[in-house]
Amino acid sequence: MTDITKEIEIAAMEAVKEIYQVDISPGDFLVTSTKKEHNGDYTLVTFAVSKKLRQTPPQIAAAVGEFVQRTRPWVAGVEVMQGFLNISLAPDYWTTVLDHMRSHPGYWKPVQSREKVLVEFASPNTNKPLHLGHIRNILLGWSTYKILSACGHDVHRVQIVNDRGIAICKSMLAWQQFGEGVTPEMVGMKSDHFVGDWYVRFEKKFVAEYKAWQTSSEAQELFENRKDKDLAEADFFKGYKNNYFNTASQLGSDARQLLLKWEAHDAETLELWNQMNGWVYAGFNETYKSLGVEFDKLYFESNTYLLGKDLIEDGVKRGVFYKKEDGSVWVDLTEDGLDHKLLLRSDGTSVYMTQDLGTAQKRFEEFDAERMVYVVADEQNYHFQALFAIMAKLGAPYAKGLYHLSYGMVDLPEGKMKSREGTVIDADDLMADVIEEARKAAADREMTDPEIVRRIGMAALKFFIIKVDPRKRMTFDPKASVDLQGQTGPYIQNAFVRIQSILRKAGDDRGSYEGYVLNEDEKLLLNMLGQCRHVIESAAKEYSPALVANYAYALAKEYHRYYHDIKVIQAETEAAKEFRLILIKLISDMLKHTMDLLGIEMPERM
RNA sequence: GGCUCCAUAGCUCAAUAGGAUAGAGCAACGGUUUUCUAAACCGUAGGUUCCAGGUUCGAGCCCUGGUGGAGUCACCA
């Protein structure tokens, strides 16, 4: 009797059959755990079947209550409140549950199913270091991987590295022109930050060049001839910036030149490109390590950006796509509520969509996968809708297995992060900050172990981010994120640590707890442990690690309360002590499991 | 403007599949430690769940309309 909810449903079904001679399906009744303010352990909600049985909900509840009490030995008592039937379970039901959990270490996992799944996350550009937005992405990707694995799936972690294009060329150009051979080692800087600095350097030079150009007669003439005569000069040039980069700018021309040379496989350019990217990867790897994540396979855009053309040609042949007179290829997605989408430029070169189609196919082939999850910010919702629609049109066998885990942007209390205004929070700085904050708090407690301090700081940061529903835009308050009290990662760690401390004192030998009658808190805790598998199942189904985070917090909170009220080692009886030692061991295991699903490590002491 | 998403306590977030009196944390105030370590516990205060209708025994959740905010609508990625 491992799933009591189902048992209750079945009993209720039998009751209805016997009393009303009506067949109903198990799903017709809703079974929930009883609210704290009422007596009972589980509640049967009878409103839904009221019409079918032509009885009022309280009548049904009373009749079913009488039936289960008569026929089910595990029912200790019932209480009817309106249409709710609150059922109290017999004491030995609870000890049976404890026995079961103790002897089935995997009881907390959902029903296992095995599919091959790919999760793509992180996927940075190589011209700048990782920032707060990447952290949300990476934590979501990682915990999605963990959660799906806990469901039994064979999950592979991949990312696509955007290592080519105009952005990295800007960093390259700035370093080439002004760097004089300087390296990260020479200036003692983390190497991805080093490359990021050259990117910023480029932007500064470019802005200066642009400002100077604005006074030229050429620029003034453009301004005079603007379409919207009400537009102020500053606003006009703000909007013209991109145009300038692509036309009159010397730096823009140089950067584009570099990109062309890269595409022509110019040896010197490739060498420079390799060096810059090499620095970036070394830095990224440090950051990934700090975050505790790793990948099975990296895809590089420099290898994939030409993929997908075959798919397009094939699609044209089959009439799924169409070619315009200028040679460009399009797909009509109006049936899917979308627009017409470009797939190949008129000069035959590919666009983002082209390579995404090609990369998806390549990955499904390489991994023989059934599902693929893209962890990408919600600003790309439209792109993925289109991508998936095109896949379906092509009749790709994996089209149904595609999922965009779309998450909201991370805002600061002051508003959006803007690189132009220097308000972007760097990932490495942020981790250093939270760990420093943990160190200060630990110092007050005479705790100096740097590994423990690191775990506490990282738990604070990770939990703060991952407790929020991924789909929602979230506000990141740096002050609140280093908080170590209340609804935080360290709060949960503390519950775990408290248990470890008791277990250390109690030793390993466990005696009998036969005949022990649990109190309400213990029933509740046991109940919560039993809920875990459903929580993980929902988290996997909804792609929401936040559900696991909130579960872990709720369990920790319940335990802290229990800890305060109940003695374990000095328990009233030997049976109580033995029971509780096993119970709290199960709780601490569960806290560890669920936090591990979120990528959060537990300290043994704090 | 079209499409998509969001709106819950002063702030940050919860709320099983539509279920009982919408819950936590922070901030504020008050209390609890010779303790299985207080990164804890208990209490007080804080709500027209954006607005107006509708469906339902029952709506924060579903439907319609509106208001406010975000994203997107490139031969960019």
# chains A, B, ... in the order shown; residues from 1 in each chain; ligands from 1

$ residues_around --residues "region 9-24 of chain B" --least-positions-apart "3" --cutoff "7 Å" --atoms "only C-alpha atoms (C1' of nucleotides)" --output "list in words"
Val468 of chain A; G46, G47, G58, A59 and C61 of chain B

$ write_last_selection --atoms "N, CA and C atoms (P, O5', C5', C4', C3', O3' and C1' of nucleotides)" --output "PDB file, in the first residue's frame"
ATOM      1  N   VAL A 468      12.002  30.749  -8.216  1.00  0.00           N
ATOM      2  CA  VAL A 468      10.992  31.486  -8.974  1.00  0.00           C
ATOM      3  C   VAL A 468      10.577  30.689 -10.216  1.00  0.00           C
TER       4      VAL A 468
ATOM      5  P     G B  46      -4.247  44.070  10.105  1.00  0.00           P
ATOM      6  O5'   G B  46      -3.503  44.122   8.697  1.00  0.00           O
ATOM      7  C5'   G B  46      -3.144  45.385   8.116  1.00  0.00           C
ATOM      8  C4'   G B  46      -2.033  45.194   7.114  1.00  0.00           C
ATOM      9  C3'   G B  46      -2.403  44.344   5.901  1.00  0.00           C
ATOM     10  O3'   G B  46      -3.078  45.112   4.911  1.00  0.00           O
ATOM     11  C1'   G B  46      -0.313  43.655   6.765  1.00  0.00           C
ATOM     12  P     G B  47      -4.588  44.778   4.524  1.00  0.00           P
ATOM     13  O5'   G B  47      -4.527  44.978   2.948  1.00  0.00           O
ATOM     14  C5'   G B  47      -3.675  44.189   2.149  1.00  0.00           C
ATOM     15  C4'   G B  47      -4.433  43.553   1.003  1.00  0.00           C
ATOM     16  C3'   G B  47      -5.959  43.633   1.070  1.00  0.00           C
ATOM     17  O3'   G B  47      -6.473  43.907  -0.218  1.00  0.00           O
ATOM     18  C1'   G B  47      -5.267  41.376   0.907  1.00  0.00           C
ATOM     19  P     G B  58     -21.844  28.397  -7.368  1.00  0.00           P
ATOM     20  O5'   G B  58     -20.379  28.205  -6.792  1.00  0.00           O
ATOM     21  C5'   G B  58     -20.087  28.632  -5.468  1.00  0.00           C
ATOM     22  C4'   G B  58     -18.697  28.226  -5.076  1.00  0.00           C
ATOM     23  C3'   G B  58     -17.582  28.744  -5.978  1.00  0.00           C
ATOM     24  O3'   G B  58     -17.227  30.058  -5.628  1.00  0.00           O
ATOM     25  C1'   G B  58     -17.248  26.442  -5.541  1.00  0.00           C
ATOM     26  P     A B  59     -16.694  31.047  -6.788  1.00  0.00           P
ATOM     27  O5'   A B  59     -15.311  30.402  -7.272  1.00  0.00           O
ATOM     28  C5'   A B  59     -14.183  30.300  -6.404  1.00  0.00           C
ATOM     29  C4'   A B  59     -12.949  30.821  -7.096  1.00  0.00           C
ATOM     30  C3'   A B  59     -12.979  32.302  -7.425  1.00  0.00           C
ATOM     31  O3'   A B  59     -11.660  32.810  -7.386  1.00  0.00           O
ATOM     32  C1'   A B  59     -12.829  31.088  -9.419  1.00  0.00           C
ATOM     33  P     C B  61      -9.587  33.842 -11.405  1.00  0.00           P
ATOM     34  O5'   C B  61      -8.590  32.712 -11.892  1.00  0.00           O
ATOM     35  C5'   C B  61      -7.371  33.028 -12.574  1.00  0.00           C
ATOM     36  C4'   C B  61      -6.598  31.762 -12.799  1.00  0.00           C
ATOM     37  C3'   C B  61      -7.327  30.749 -13.668  1.00  0.00           C
ATOM     38  O3'   C B  61      -6.415  30.112 -14.545  1.00  0.00           O
ATOM     39  C1'   C B  61      -6.787  29.793 -11.566  1.00  0.00           C
TER      40        C B  61
END

$ residues_around --residues "Leu89 (chain A)" --least-positions-apart "2" --cutoff "7 Å" --atoms "only C-alpha atoms (C1' of nucleotides)" --output "PyMOL selection string"
chain A and resi 41+74-77+87+91+93

$ interface_residues --of "chain A" --to "chain B" --cutoff "6 Å" --atoms "only C-alpha atoms (C1' of nucleotides)" --output "list of chain:residue names"
A:Arg345, A:Glu379, A:Leu484, A:Gln485, A:Gly486, A:Gln487, A:Ile502

$ select_by_dssp --residues "region 150-366 of chain A" --states "alpha helix (DSSP H)" --output "MDAnalysis selection string"
chainID A and resid 150 166:178 184:187 191:214 217:224 233:246 250:263 267:291 301:304 309:317 352:366

$ atom_distance --atom1 "CA of Gly179 (chain A)" --atom2 "CA of Asn243 (chain A)"
27.1 Å

$ residues_around --residues "G53 (chain B)" --least-positions-apart "2" --cutoff "12 Å" --atoms "only C-alpha atoms (C1' of nucleotides)" --output "list of chain:residue names"
B:C51, B:U55, B:C63, B:U64, B:G65, B:G66

$ residues_around --residues "Tyr491 (chain A)" --least-positions-apart "2" --cutoff "10 Å" --atoms "only C-alpha atoms (C1' of nucleotides)" --output "list in words"
Ile456, Ala459, Ala460, Asp483, Leu484, Gln485, Gly486, Gln487, Thr488, Gly489, Gln493, Asn494, Ala495, Phe496, Val497, Tyr553, Ala556, Lys557 and His560 of chain A; A39 and A40 of chain B

$ write_last_selection --atoms "N, CA and C atoms (P, O5', C5', C4', C3', O3' and C1' of nucleotides)" --output "PDB file, in the first residue's frame"
ATOM      1  N   ILE A 456      27.533  27.410   1.332  1.00  0.00           N
ATOM      2  CA  ILE A 456      26.454  28.239   1.873  1.00  0.00           C
ATOM      3  C   ILE A 456      26.176  29.424   0.946  1.00  0.00           C
ATOM      4  N   ALA A 459      24.550  28.254  -2.234  1.00  0.00           N
ATOM      5  CA  ALA A 459      23.165  27.826  -1.979  1.00  0.00           C
ATOM      6  C   ALA A 459      22.245  29.039  -1.934  1.00  0.00           C
ATOM      7  N   ALA A 460      22.719  30.103  -1.299  1.00  0.00           N
ATOM      8  CA  ALA A 460      21.913  31.319  -1.203  1.00  0.00           C
ATOM      9  C   ALA A 460      21.609  31.841  -2.608  1.00  0.00           C
ATOM     10  N   ASP A 483      21.120  37.027   1.420  1.00  0.00           N
ATOM     11  CA  ASP A 483      20.476  36.770   2.696  1.00  0.00           C
ATOM     12  C   ASP A 483      20.593  35.283   3.030  1.00  0.00           C
ATOM     13  N   LEU A 484      20.890  34.986   4.278  1.00  0.00           N
ATOM     14  CA  LEU A 484      21.095  33.596   4.658  1.00  0.00           C
ATOM     15  C   LEU A 484      19.994  33.102   5.585  1.00  0.00           C
ATOM     16  N   GLN A 485      18.984  33.948   5.804  1.00  0.00           N
ATOM     17  CA  GLN A 485      17.906  33.586   6.722  1.00  0.00           C
ATOM     18  C   GLN A 485      16.559  33.668   6.041  1.00  0.00           C
ATOM     19  N   GLY A 486      15.617  32.867   6.541  1.00  0.00           N
ATOM     20  CA  GLY A 486      14.288  32.873   5.936  1.00  0.00           C
ATOM     21  C   GLY A 486      14.211  31.908   4.781  1.00  0.00           C
ATOM     22  N   GLN A 487      13.448  32.280   3.775  1.00  0.00           N
ATOM     23  CA  GLN A 487      13.207  31.383   2.644  1.00  0.00           C
ATOM     24  C   GLN A 487      14.436  31.351   1.728  1.00  0.00           C
ATOM     25  N   THR A 488      15.472  30.646   2.176  1.00  0.00           N
ATOM     26  CA  THR A 488      16.745  30.670   1.455  1.00  0.00           C
ATOM     27  C   THR A 488      17.364  29.277   1.400  1.00  0.00           C
ATOM     28  N   GLY A 489      18.398  29.160   0.583  1.00  0.00           N
ATOM     29  CA  GLY A 489      19.137  27.906   0.514  1.00  0.00           C
ATOM     30  C   GLY A 489      19.772  27.527   1.849  1.00  0.00           C
ATOM     31  N   GLN A 493      19.747  24.142   4.158  1.00  0.00           N
ATOM     32  CA  GLN A 493      20.983  23.475   4.575  1.00  0.00           C
ATOM     33  C   GLN A 493      21.022  23.323   6.085  1.00  0.00           C
ATOM     34  N   ASN A 494      20.556  24.336   6.775  1.00  0.00           N
ATOM     35  CA  ASN A 494      20.583  24.304   8.227  1.00  0.00           C
ATOM     36  C   ASN A 494      19.715  23.181   8.800  1.00  0.00           C
ATOM     37  N   ALA A 495      18.580  22.953   8.161  1.00  0.00           N
ATOM     38  CA  ALA A 495      17.729  21.854   8.602  1.00  0.00           C
ATOM     39  C   ALA A 495      18.493  20.540   8.452  1.00  0.00           C
ATOM     40  N   PHE A 496      19.171  20.407   7.334  1.00  0.00           N
ATOM     41  CA  PHE A 496      19.967  19.199   7.067  1.00  0.00           C
ATOM     42  C   PHE A 496      21.075  19.038   8.113  1.00  0.00           C
ATOM     43  N   VAL A 497      21.772  20.127   8.366  1.00  0.00           N
ATOM     44  CA  VAL A 497      22.894  20.103   9.305  1.00  0.00           C
ATOM     45  C   VAL A 497      22.431  19.733  10.712  1.00  0.00           C
ATOM     46  N   TYR A 553      11.932  23.659   0.472  1.00  0.00           N
ATOM     47  CA  TYR A 553      11.773  24.688   1.498  1.00  0.00           C
ATOM     48  C   TYR A 553      10.655  24.315   2.470  1.00  0.00           C
ATOM     49  N   ALA A 556      11.862  21.642   4.808  1.00  0.00           N
ATOM     50  CA  ALA A 556      12.818  22.186   5.784  1.00  0.00           C
ATOM     51  C   ALA A 556      12.078  22.978   6.858  1.00  0.00           C
ATOM     52  N   LYS A 557      11.106  23.757   6.418  1.00  0.00           N
ATOM     53  CA  LYS A 557      10.354  24.583   7.359  1.00  0.00           C
ATOM     54  C   LYS A 557       9.616  23.709   8.356  1.00  0.00           C
ATOM     55  N   HIS A 560      12.155  22.260  10.796  1.00  0.00           N
ATOM     56  CA  HIS A 560      12.651  23.217  11.792  1.00  0.00           C
ATOM     57  C   HIS A 560      11.659  23.346  12.951  1.00  0.00           C
TER      58      HIS A 560
ATOM     59  P     A B  39      22.371  30.128  14.208  1.00  0.00           P
ATOM     60  O5'   A B  39      21.347  30.285  13.021  1.00  0.00           O
ATOM     61  C5'   A B  39      20.687  31.526  12.813  1.00  0.00           C
ATOM     62  C4'   A B  39      20.316  31.662  11.359  1.00  0.00           C
ATOM     63  C3'   A B  39      19.523  30.474  10.831  1.00  0.00           C
ATOM     64  O3'   A B  39      18.683  30.908   9.765  1.00  0.00           O
ATOM     65  C1'   A B  39      21.578  30.595   9.693  1.00  0.00           C
ATOM     66  P     A B  40      17.139  31.322  10.111  1.00  0.00           P
ATOM     67  O5'   A B  40      16.726  30.238  11.196  1.00  0.00           O
ATOM     68  C5'   A B  40      16.515  28.881  10.819  1.00  0.00           C
ATOM     69  C4'   A B  40      15.976  28.127  12.001  1.00  0.00           C
ATOM     70  C3'   A B  40      14.595  28.571  12.481  1.00  0.00           C
ATOM     71  O3'   A B  40      13.578  27.973  11.725  1.00  0.00           O
ATOM     72  C1'   A B  40      16.047  28.442  14.321  1.00  0.00           C
TER      73        A B  40
END

$ atom_distance --atom1 "CA of Lys324 (chain A)" --atom2 "CA of Gly165 (chain A)"
26.7 Å

$ select_by_dssp --residues "region 190-386 of chain A" --states "strand (DSSP E or B)" --output "PyMOL selection string"
chain A and resi 297-300+322-323+329-332+340-344+350+371-377

$ write_last_selection --atoms "N, CA and C atoms" --output "PDB file, in the first residue's frame"
ATOM      1  N   LYS A 297      28.419  17.581 -24.536  1.00  0.00           N
ATOM      2  CA  LYS A 297      28.910  17.923 -25.859  1.00  0.00           C
ATOM      3  C   LYS A 297      28.667  19.397 -26.173  1.00  0.00           C
ATOM      4  N   LEU A 298      29.691  20.006 -26.723  1.00  0.00           N
ATOM      5  CA  LEU A 298      29.568  21.389 -27.153  1.00  0.00           C
ATOM      6  C   LEU A 298      29.482  21.442 -28.671  1.00  0.00           C
ATOM      7  N   TYR A 299      28.534  22.233 -29.159  1.00  0.00           N
ATOM      8  CA  TYR A 299      28.466  22.489 -30.592  1.00  0.00           C
ATOM      9  C   TYR A 299      28.937  23.913 -30.824  1.00  0.00           C
ATOM     10  N   PHE A 300      29.755  24.084 -31.834  1.00  0.00           N
ATOM     11  CA  PHE A 300      30.268  25.413 -32.119  1.00  0.00           C
ATOM     12  C   PHE A 300      29.619  25.960 -33.378  1.00  0.00           C
ATOM     13  N   TYR A 322       9.066  27.820 -50.461  1.00  0.00           N
ATOM     14  CA  TYR A 322       8.984  28.382 -51.806  1.00  0.00           C
ATOM     15  C   TYR A 322      10.120  29.369 -52.049  1.00  0.00           C
ATOM     16  N   LYS A 323      10.459  29.513 -53.313  1.00  0.00           N
ATOM     17  CA  LYS A 323      11.569  30.366 -53.719  1.00  0.00           C
ATOM     18  C   LYS A 323      11.020  31.612 -54.367  1.00  0.00           C
ATOM     19  N   VAL A 329      14.699  31.915 -50.166  1.00  0.00           N
ATOM     20  CA  VAL A 329      13.754  30.835 -49.861  1.00  0.00           C
ATOM     21  C   VAL A 329      12.948  31.180 -48.616  1.00  0.00           C
ATOM     22  N   TRP A 330      11.663  30.925 -48.664  1.00  0.00           N
ATOM     23  CA  TRP A 330      10.752  31.282 -47.573  1.00  0.00           C
ATOM     24  C   TRP A 330       9.853  30.116 -47.206  1.00  0.00           C
ATOM     25  N   VAL A 331       9.283  30.221 -46.016  1.00  0.00           N
ATOM     26  CA  VAL A 331       8.255  29.264 -45.635  1.00  0.00           C
ATOM     27  C   VAL A 331       7.030  30.058 -45.176  1.00  0.00           C
ATOM     28  N   ASP A 332       5.889  29.545 -45.557  1.00  0.00           N
ATOM     29  CA  ASP A 332       4.622  30.190 -45.189  1.00  0.00           C
ATOM     30  C   ASP A 332       4.088  29.545 -43.918  1.00  0.00           C
ATOM     31  N   HIS A 340       5.412  34.726 -42.742  1.00  0.00           N
ATOM     32  CA  HIS A 340       6.338  34.109 -43.682  1.00  0.00           C
ATOM     33  C   HIS A 340       7.742  34.307 -43.121  1.00  0.00           C
ATOM     34  N   LYS A 341       8.538  33.254 -43.200  1.00  0.00           N
ATOM     35  CA  LYS A 341       9.858  33.316 -42.577  1.00  0.00           C
ATOM     36  C   LYS A 341      10.935  33.063 -43.626  1.00  0.00           C
ATOM     37  N   LEU A 342      11.986  33.854 -43.583  1.00  0.00           N
ATOM     38  CA  LEU A 342      13.100  33.675 -44.508  1.00  0.00           C
ATOM     39  C   LEU A 342      13.972  32.497 -44.063  1.00  0.00           C
ATOM     40  N   LEU A 343      14.379  31.661 -45.015  1.00  0.00           N
ATOM     41  CA  LEU A 343      15.222  30.512 -44.687  1.00  0.00           C
ATOM     42  C   LEU A 343      16.588  30.562 -45.365  1.00  0.00           C
ATOM     43  N   LEU A 344      16.618  31.160 -46.542  1.00  0.00           N
ATOM     44  CA  LEU A 344      17.904  31.359 -47.231  1.00  0.00           C
ATOM     45  C   LEU A 344      17.880  32.735 -47.874  1.00  0.00           C
ATOM     46  N   SER A 350      22.968  31.320 -45.416  1.00  0.00           N
ATOM     47  CA  SER A 350      21.955  30.928 -44.449  1.00  0.00           C
ATOM     48  C   SER A 350      21.710  31.996 -43.400  1.00  0.00           C
ATOM     49  N   ARG A 371      13.663  13.433 -27.494  1.00  0.00           N
ATOM     50  CA  ARG A 371      13.199  14.753 -27.057  1.00  0.00           C
ATOM     51  C   ARG A 371      14.371  15.705 -26.977  1.00  0.00           C
ATOM     52  N   MET A 372      14.053  16.980 -27.099  1.00  0.00           N
ATOM     53  CA  MET A 372      15.093  17.984 -26.985  1.00  0.00           C
ATOM     54  C   MET A 372      14.515  19.223 -26.325  1.00  0.00           C
ATOM     55  N   VAL A 373      15.182  19.687 -25.274  1.00  0.00           N
ATOM     56  CA  VAL A 373      14.730  20.864 -24.539  1.00  0.00           C
ATOM     57  C   VAL A 373      15.711  22.003 -24.789  1.00  0.00           C
ATOM     58  N   TYR A 374      15.209  23.126 -25.276  1.00  0.00           N
ATOM     59  CA  TYR A 374      16.049  24.307 -25.462  1.00  0.00           C
ATOM     60  C   TYR A 374      15.802  25.261 -24.299  1.00  0.00           C
ATOM     61  N   VAL A 375      16.808  25.512 -23.504  1.00  0.00           N
ATOM     62  CA  VAL A 375      16.662  26.497 -22.441  1.00  0.00           C
ATOM     63  C   VAL A 375      17.136  27.837 -22.990  1.00  0.00           C
ATOM     64  N   VAL A 376      16.185  28.658 -23.365  1.00  0.00           N
ATOM     65  CA  VAL A 376      16.506  29.940 -24.004  1.00  0.00           C
ATOM     66  C   VAL A 376      15.513  30.990 -23.511  1.00  0.00           C
ATOM     67  N   ALA A 377      15.985  32.212 -23.335  1.00  0.00           N
ATOM     68  CA  ALA A 377      15.156  33.290 -22.790  1.00  0.00           C
ATOM     69  C   ALA A 377      13.919  33.551 -23.660  1.00  0.00           C
TER      70      ALA A 377
END

$ residues_around --residues "Asn527 (chain A)" --least-positions-apart "6" --cutoff "10 Å" --atoms "only C-alpha atoms (C1' of nucleotides)" --output "JSON, numbers by chain"
{"A": [33, 41, 42, 94, 97, 521]}

$ atom_distance --atom1 "CA of Lys592 (chain A)" --atom2 "CA of Glu520 (chain A)"
23.9 Å

$ residues_around --residues "region 578-584 of chain A" --least-positions-apart "3" --cutoff "9 Å" --atoms "only C-alpha atoms (C1' of nucleotides)" --output "JSON, numbers by chain"
{"A": [95, 98, 102, 499, 502, 503, 506, 510, 511, 512, 513, 514, 516, 518, 522, 525, 526, 559, 567, 568, 569, 571, 573, 574, 575, 587, 588, 589]}

$ decode --residues "region 10-26 of chain A" --atoms "N, CA and C atoms" --output "PDB file, in the first residue's frame"
ATOM      1  N   ILE A  10      -9.990   4.130  -4.818  1.00  0.00           N
ATOM      2  CA  ILE A  10     -10.583   2.817  -5.099  1.00  0.00           C
ATOM      3  C   ILE A  10     -11.683   2.488  -4.092  1.00  0.00           C
ATOM      4  N   ALA A  11     -11.405   2.774  -2.817  1.00  0.00           N
ATOM      5  CA  ALA A  11     -12.394   2.516  -1.768  1.00  0.00           C
ATOM      6  C   ALA A  11     -13.666   3.320  -2.019  1.00  0.00           C
ATOM      7  N   ALA A  12     -13.465   4.577  -2.428  1.00  0.00           N
ATOM      8  CA  ALA A  12     -14.617   5.451  -2.680  1.00  0.00           C
ATOM      9  C   ALA A  12     -15.427   4.917  -3.861  1.00  0.00           C
ATOM     10  N   MET A  13     -14.709   4.423  -4.858  1.00  0.00           N
ATOM     11  CA  MET A  13     -15.352   3.864  -6.034  1.00  0.00           C
ATOM     12  C   MET A  13     -16.225   2.667  -5.654  1.00  0.00           C
ATOM     13  N   GLU A  14     -15.641   1.808  -4.840  1.00  0.00           N
ATOM     14  CA  GLU A  14     -16.387   0.629  -4.372  1.00  0.00           C
ATOM     15  C   GLU A  14     -17.602   1.041  -3.570  1.00  0.00           C
ATOM     16  N   ALA A  15     -17.406   2.058  -2.748  1.00  0.00           N
ATOM     17  CA  ALA A  15     -18.502   2.541  -1.907  1.00  0.00           C
ATOM     18  C   ALA A  15     -19.661   3.003  -2.767  1.00  0.00           C
ATOM     19  N   VAL A  16     -19.360   3.782  -3.786  1.00  0.00           N
ATOM     20  CA  VAL A  16     -20.397   4.305  -4.661  1.00  0.00           C
ATOM     21  C   VAL A  16     -21.121   3.171  -5.380  1.00  0.00           C
ATOM     22  N   LYS A  17     -20.328   2.197  -5.774  1.00  0.00           N
ATOM     23  CA  LYS A  17     -20.898   1.031  -6.466  1.00  0.00           C
ATOM     24  C   LYS A  17     -21.890   0.303  -5.550  1.00  0.00           C
ATOM     25  N   GLU A  18     -21.475   0.100  -4.317  1.00  0.00           N
ATOM     26  CA  GLU A  18     -22.329  -0.644  -3.400  1.00  0.00           C
ATOM     27  C   GLU A  18     -23.551   0.161  -2.971  1.00  0.00           C
ATOM     28  N   ILE A  19     -23.344   1.429  -2.664  1.00  0.00           N
ATOM     29  CA  ILE A  19     -24.423   2.236  -2.105  1.00  0.00           C
ATOM     30  C   ILE A  19     -25.400   2.716  -3.175  1.00  0.00           C
ATOM     31  N   TYR A  20     -24.842   3.202  -4.301  1.00  0.00           N
ATOM     32  CA  TYR A  20     -25.712   3.806  -5.312  1.00  0.00           C
ATOM     33  C   TYR A  20     -25.840   2.953  -6.580  1.00  0.00           C
ATOM     34  N   GLN A  21     -25.121   1.844  -6.621  1.00  0.00           N
ATOM     35  CA  GLN A  21     -25.101   1.004  -7.823  1.00  0.00           C
ATOM     36  C   GLN A  21     -24.725   1.807  -9.074  1.00  0.00           C
ATOM     37  N   VAL A  22     -23.768   2.673  -8.913  1.00  0.00           N
ATOM     38  CA  VAL A  22     -23.313   3.484 -10.043  1.00  0.00           C
ATOM     39  C   VAL A  22     -21.811   3.266 -10.226  1.00  0.00           C
ATOM     40  N   ASP A  23     -21.412   3.095 -11.486  1.00  0.00           N
ATOM     41  CA  ASP A  23     -19.973   2.962 -11.769  1.00  0.00           C
ATOM     42  C   ASP A  23     -19.372   4.338 -12.009  1.00  0.00           C
ATOM     43  N   ILE A  24     -18.304   4.630 -11.310  1.00  0.00           N
ATOM     44  CA  ILE A  24     -17.578   5.868 -11.609  1.00  0.00           C
ATOM     45  C   ILE A  24     -16.106   5.520 -11.777  1.00  0.00           C
ATOM     46  N   SER A  25     -15.390   6.424 -12.430  1.00  0.00           N
ATOM     47  CA  SER A  25     -13.954   6.173 -12.636  1.00  0.00           C
ATOM     48  C   SER A  25     -13.168   6.807 -11.492  1.00  0.00           C
ATOM     49  N   PRO A  26     -11.984   6.279 -11.241  1.00  0.00           N
ATOM     50  CA  PRO A  26     -11.202   6.744 -10.089  1.00  0.00           C
ATOM     51  C   PRO A  26     -10.976   8.258 -10.119  1.00  0.00           C
TER      52      PRO A  26
END
